[in-house]
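S.K.: Sharing a structure, written as C-alpha cells. Questions coming.
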Amino acid sequence: MIYKSLEKLMEDLKIHDGLHLSFHHHLRNGDKVLNLIMEDLIAKNIKDLHLYPSGIFPVHTSMVNALKKGLIKSITTNYLNGPLSDALNQYPMEGQLTMQTHGGRARAIIEGDNQIDIAFIAVSSCDQAGNASGLYGKTACGALGYAIEDAIHAKRTVIVCDTLLDTVNNPQIEGQFVDDVLLIDSIGNASGIVSGTLAITKDPLGLKVAREAMRFLIASQFIKNNVSYQSGAGGVSLAITKMFNEYLESHHLKASFYTGGITRYHVDALEKGLVQSLYDVQCFDMEAIRSLKENPDHHFMSASDYANPNNPDRKIKALDIVILGATEIDLDFNVNVTTDSKGLIIGGSGGHSDTAEDAKLSIIVSPLLKGRMPLICKRVTTITTPGKHIDVLITERGIAINPMRKDLLELFNDSALNIMPIETLMKKAHDLSGVPKPLKKSSQSLGIVEDRHGQTSDILYRKE
Amino acid sequence: MKTISVGTLESSDCLITLKSAQTLSIDIDSVVHEAFYDHIKAVVEKTLAQYNIEKIQVIVQDKGALDYTIIARLKSAIERWREAHG
C-alpha cells in the first residue's frame, strides 16, 4: 500500500509500546527519515522502544529527545557519532547499548538475534510494487547494502521514498519484501549524504604513513595478480589506495576485486582495468554511484554478502589485504575505534573487526600521535577488534608486526624497513608526548561491544 | 597593561596569553587535560623559572601541543611581554 500521509501509515501500522524498529545509515549525516519517524513516536509518547539503526550520526537529534523522555529501552547499532553519545551518559536506558559489526548485524537479523518488528527503509526511488533502489531519484545515495537484511527479515517493511518511478530496474530491494511505501517530499539533504570532495590527505605525516604502508605491502609480496583489497575512505587510506592502483598499473598487474565502501579511487581502478570487480556495500561519493549504475563489473552487495560470518560466500572471506584505522592500539594489538581515550563513544566497528578477522593481511595505519595522545597504549579503553586479528601497525615513525605472525616476522627479518617491537614504538611516542596519566574507569556499564559472532568483546562504561 | 597572546587554536598547537597580575598564576585548559595536565603545568613552570617574572597570569589554551611547541610559544610570549613592558 502506498501512503502519502505519515499519520495514516502510523495508524495502520498500529504503533505501540515495546516495538523493535530498524533504520539504515546510508543517508549518513543527511538523513531525515529516522528523525521523521522518531519525532512522531515522541509526539505519540510511544515507550520501551528497541532501536536498531545501522549507524547513528550527529543529525539524529531525535534520538536524544526520545532518550531524555525515557522512551528508548535499548539501542543496537554498528556506529555512533554525535550528541547521542553524551546523552547516553546522562540519561540511562533501562536496557543496554549493543555495538555490533556490519557483518554481525546482518547475521543477527538473519538468525533472529535482532528481531525487527518494523524496518523503516529510506530509499531514493521506488515503484508502485515496492521495488526500490538507491541509485535513482533526487537523493540517490547508491548502494543500500546495510538495509537488505532488514527489508527481508523484518516482520513489516516500510519503504520511505521521495521519488516514485514507473519501474525500477534491478532493484536493490525487491517489492516482494515490501509491505508499505510512504512517499514524502525529501528523505535527506544531499550535502550530508555523499561527499563530493573525499580527498587524499595533504598532511605530511599522513602521507608518510601511506608511503610506509605501501613499501610494506610491496615487500610483503602480497601484491600480485588477482590480489584482493579493501580500504576505508579516510584520507590516509585513500592515499594508499591511489598508490596501490599506481603500483598495479606500473607493474602490469590486475587485482581480482576491491570490497567495502567504494570511492572514486576504487572506480578509477576499475575503469583503468586494474581490478576485475568492485563489490559495493555503500557508495561514498558521486563517482561510486555513477559507476554502480554504468559498470557491469561494479556489483552491489548486501551486508550479509559482504561480511556475515555464517555466510560461506561472504566476499571478505577471500580478502587478501585490508587497510584499517585506529583510535588506540595496545601492546597486544587490540584496536579501539569505538571510544576515545576518555571512554566517550565516537564511532564503532562498522566493518573493522569483520574484515580484520577475514583478511589474510590486516594493516592498521595511523600517525603515532593524535594531537598529544599516543596511539599506542598498554591497554585500549575499548576493544573493538581483538589483537589476534591485527597483523601489522604502520606509523610514520616505525612499523610493528604482531608477534603472532611469525611468518611475517621471518619475511621481514632482514628488511630495510623501520620494523621494531610495538613496545619500542610506544616508547618513541612517549619520548615526544610524555606518559599519559591513566584514567579512572567508571564501574557503571552502559552496554557492550559485540563481535560478529555475537560474543561480547568488551564492556562500554558510563563516563563519570 | 597590555595583554600578549602567542600561538593558535589549531590542532597540535596552543594559544598562550599573558596578563598582568599581583601574583603568579597558571591556568591551563587542554584537550588532553585528564592525561597531561600535570605534565603541561610542569613544562610551563620550568620555562617561567628561566625568566625573572613573578607577577603575571599565564593562560594556556592547549589543543594537544607537544612540549617544544608549548615552550616555544611561551618563550615568544615572554619576550614580547618584556618588549611591551620595558
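Starting from 1 in every chain, residues are counted up; chains themselves are A, B, ... following the order of the C-alpha cells, and ligands are numbered from 1 as listed.
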If we count only C-alpha atoms and set the cut-off at 10 Å, which residues sit around B:Leu66, ignoring sequence neighbours fewer than 4 positions away in its own chain? Please answer as a PDB file with C-alpha atoms, in the first residue's frame.

M.R.:
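part.pdb written:
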```pdb
ATOM      1  CA  LEU A 369      50.459  10.681  17.969  1.00  0.00           C
ATOM      2  CA  GLY A 371      47.492  15.638  18.941  1.00  0.00           C
ATOM      3  CA  ARG A 372      49.345  14.808  22.118  1.00  0.00           C
ATOM      4  CA  MET A 373      47.718  11.417  22.703  1.00  0.00           C
ATOM      5  CA  LEU A 432      57.591  13.011  22.389  1.00  0.00           C
ATOM      6  CA  SER A 433      54.386  13.252  24.411  1.00  0.00           C
ATOM      7  CA  GLY A 434      55.238  12.155  27.928  1.00  0.00           C
TER       8      GLY A 434
ATOM      9  CA  SER B  12      48.585  20.264  17.983  1.00  0.00           C
ATOM     10  CA  ASP B  13      49.203  23.939  18.809  1.00  0.00           C
ATOM     11  CA  CYS B  14      48.425  26.116  21.813  1.00  0.00           C
ATOM     12  CA  ILE B  40      51.963  20.633  30.931  1.00  0.00           C
ATOM     13  CA  ASP B  62      46.106  23.772  24.561  1.00  0.00           C
ATOM     14  CA  ILE B  70      54.449  24.923  24.356  1.00  0.00           C
ATOM     15  CA  ILE B  71      57.960  26.061  25.306  1.00  0.00           C
TER      16      ILE B  71
END
```

S.K.: What are the residues of chain B that have an atom within 9 Å of an atom of chain A, counting only C-alpha atoms, as number ranges by chain?

M.R.: B: 11-13, 31-32, 34-39, 63-67

S.K.: Go through chain B and collect every residue that DSSP, computed from the backbone, puts in alpha helix (DSSP H); the answer should be as a PyMOL selection string.

M.R.: chain B and resi 33-49+67-85

S.K.: Could you turn the residues from that selection into a file that holds C-alpha atoms, as a PDB file, in the first residue's frame?

M.R.:
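The result, stored in again18.pdb:
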```pdb
ATOM      1  CA  HIS B  33      43.656  17.654  30.442  1.00  0.00           C
ATOM      2  CA  GLU B  34      42.983  14.273  32.078  1.00  0.00           C
ATOM      3  CA  ALA B  35      46.121  12.632  30.738  1.00  0.00           C
ATOM      4  CA  PHE B  36      48.649  15.507  30.686  1.00  0.00           C
ATOM      5  CA  TYR B  37      47.597  18.422  32.981  1.00  0.00           C
ATOM      6  CA  ASP B  38      50.406  17.864  35.489  1.00  0.00           C
ATOM      7  CA  HIS B  39      52.946  17.403  32.713  1.00  0.00           C
ATOM      8  CA  ILE B  40      51.963  20.633  30.931  1.00  0.00           C
ATOM      9  CA  LYS B  41      51.937  22.608  34.184  1.00  0.00           C
ATOM     10  CA  ALA B  42      55.468  21.394  34.971  1.00  0.00           C
ATOM     11  CA  VAL B  43      56.669  22.416  31.488  1.00  0.00           C
ATOM     12  CA  VAL B  44      55.198  25.918  31.909  1.00  0.00           C
ATOM     13  CA  GLU B  45      56.650  26.334  35.411  1.00  0.00           C
ATOM     14  CA  LYS B  46      60.086  25.156  34.304  1.00  0.00           C
ATOM     15  CA  THR B  47      60.099  27.596  31.375  1.00  0.00           C
ATOM     16  CA  LEU B  48      58.906  30.501  33.521  1.00  0.00           C
ATOM     17  CA  ALA B  49      61.636  29.787  36.050  1.00  0.00           C
ATOM     18  CA  ASP B  67      56.461  20.216  24.841  1.00  0.00           C
ATOM     19  CA  TYR B  68      58.640  22.001  22.287  1.00  0.00           C
ATOM     20  CA  THR B  69      55.618  23.849  20.908  1.00  0.00           C
ATOM     21  CA  ILE B  70      54.449  24.923  24.356  1.00  0.00           C
ATOM     22  CA  ILE B  71      57.960  26.061  25.306  1.00  0.00           C
ATOM     23  CA  ALA B  72      58.457  27.983  22.029  1.00  0.00           C
ATOM     24  CA  ARG B  73      55.068  29.706  22.328  1.00  0.00           C
ATOM     25  CA  LEU B  74      55.666  30.601  25.964  1.00  0.00           C
ATOM     26  CA  LYS B  75      59.174  31.948  25.328  1.00  0.00           C
ATOM     27  CA  SER B  76      57.919  34.090  22.434  1.00  0.00           C
ATOM     28  CA  ALA B  77      55.135  35.410  24.643  1.00  0.00           C
ATOM     29  CA  ILE B  78      57.542  36.303  27.428  1.00  0.00           C
ATOM     30  CA  GLU B  79      59.961  38.032  25.015  1.00  0.00           C
ATOM     31  CA  ARG B  80      57.093  40.102  23.604  1.00  0.00           C
ATOM     32  CA  TRP B  81      55.859  40.846  27.097  1.00  0.00           C
ATOM     33  CA  ARG B  82      59.257  42.200  28.005  1.00  0.00           C
ATOM     34  CA  GLU B  83      59.403  44.314  24.852  1.00  0.00           C
ATOM     35  CA  ALA B  84      55.960  45.758  25.542  1.00  0.00           C
ATOM     36  CA  HIS B  85      56.623  46.435  29.202  1.00  0.00           C
TER      37      HIS B  85
END
```

S.K.: Identify which of the residues A:Asp179, A:Glu212, A:Asp17, A:Asp451 lies closest to A:Ser349, counting only C-alpha atoms when measuring atom-to-atom distances.

M.R.: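 When distances to A:Ser349 are compared using only C-alpha atoms, the smallest one comes from A:Asp451.
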
S.K.: Find the spatial neighbours of A:Ile173, counting only C-alpha atoms, within a cut-off of 7 Å - ignore same-chain residues fewer than 5 positions away - and output them as a ChimeraX atom specification.

M.R.: /A:131-133,148

S.K.: Which neighbours of stretch 34-45 of chain A fall inside 7 Å, counting only C-alpha atoms, when residues of the same chain fewer than 2 positions from it are skipped, and could you give them as a list in words?

M.R.: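 Within the cut-off, the hits are Phe23, Asp31, Lys32, Lys47, His60, Ser62, Met63 and Ala66 of chain A.
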
S.K.: For each of B:Gln61, B:Ser30, B:Lys55, B:Thr3, take the minimum atom-to-atom distance to B:Leu18, counting only C-alpha atoms, then give the residue where this is smallest.

M.R.: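 Smallest separation from B:Leu18 among the options: B:Thr3.
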
S.K.: Within 12 Å of A:Leu198, counting only C-alpha atoms, which residues qualify if same-chain residues fewer than 2 places away don't, as a short mmCIF file (atom, residue, chain, number, x, y, z; two decimals) with C-alpha atoms, in the first residue's frame?

M.R.:
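The resulting file, result-v2.cif, is shown below:
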```
data_model
loop_
_atom_site.label_atom_id
_atom_site.label_comp_id
_atom_site.auth_asym_id
_atom_site.auth_seq_id
_atom_site.Cartn_x
_atom_site.Cartn_y
_atom_site.Cartn_z
CA VAL A 194 27.59 11.82 -0.14
CA SER A 195 30.75 13.79 -0.18
CA GLY A 196 31.80 15.34 -3.46
CA ILE A 200 43.61 12.14 -0.19
CA THR A 201 45.29 13.53 2.91
CA LYS A 202 47.58 16.55 2.50
CA GLY A 232 38.29 2.79 4.09
CA ALA A 233 37.51 6.30 2.93
CA GLY A 234 39.81 8.17 5.29
CA GLY A 235 42.48 10.47 3.86
CA VAL A 236 45.40 8.10 4.59
CA SER A 237 43.53 5.02 3.32
CA LEU A 238 42.65 6.84 0.10
CA ALA A 239 46.30 7.81 -0.38
CA ILE A 262 33.52 2.46 -2.71
CA THR A 263 35.04 5.80 -3.73
CA ARG A 264 36.19 7.38 -6.97
CA TYR A 265 39.67 5.92 -6.39
CA CYS A 283 28.88 4.40 -2.06
CA PHE A 284 30.97 7.17 -0.50
CA ASP A 285 30.80 9.65 -3.39
CA MET A 286 29.01 10.56 -6.62
CA GLU A 287 31.55 8.76 -8.81
CA ALA A 288 30.79 5.49 -6.99
#
```

S.K.: In Å, how far is it from atom CA of A:Phe412 to atom CA of A:Ala269?

M.R.: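 These two atoms are separated by 28.8 Å.
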
S.K.: Just the number, please: distance in Å from atom CA of A:Tyr279 to atom CA of A:Pro53, one decimal.

M.R.: 22.7 Å

S.K.: A:His299: which residues within 12 Å, counting only C-alpha atoms, same-chain residues fewer than 3 positions away excluded, as an NGL selection string?

M.R.: :A and (142-145 or 170 or 172 or 257-262 or 267 or 270 or 276-283 or 288-289 or 291-296 or 302 or 305-306 or 315)

S.K.: How many Å separate atom CA of A:Gly134 from atom CA of A:Gly82?

M.R.: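 Taking atom CA of A:Gly134 and atom CA of A:Gly82, their separation equals 24.8 Å.
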
S.K.: What's around B:Thr23 at 7 Å? Count only C-alpha atoms, leave out sequence neighbours fewer than 2 positions away in its own chain, and write the answer as a short mmCIF file (atom, residue, chain, number, x, y, z; two decimals) with N, CA and C atoms, in the first residue's frame.

M.R.:
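Saved to result-v2.cif:
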```cif
data_model
loop_
_atom_site.label_atom_id
_atom_site.label_comp_id
_atom_site.auth_asym_id
_atom_site.auth_seq_id
_atom_site.Cartn_x
_atom_site.Cartn_y
_atom_site.Cartn_z
N ALA B 21 49.24 40.66 36.72
CA ALA B 21 48.57 40.13 37.91
C ALA B 21 49.41 40.48 39.12
N SER B 25 50.13 33.19 38.38
CA SER B 25 49.09 32.14 38.29
C SER B 25 49.13 31.50 36.91
N GLU B 54 57.40 37.24 38.07
CA GLU B 54 56.60 36.65 39.15
C GLU B 54 55.17 37.16 39.19
N LYS B 55 54.98 38.42 38.71
CA LYS B 55 53.62 38.96 38.77
C LYS B 55 52.98 38.87 37.40
N ILE B 56 52.43 37.71 37.13
CA ILE B 56 51.85 37.51 35.80
C ILE B 56 50.82 36.38 35.83
#
```

S.K.: Mind the document's chain letters and residue numbers, and return as a VMD selection string the residues of stretch 146-245 of chain A that DSSP labels strand (DSSP E or B).

M.R.: chain A and resid 156 to 161 164 173 180 to 183 188 228 to 231
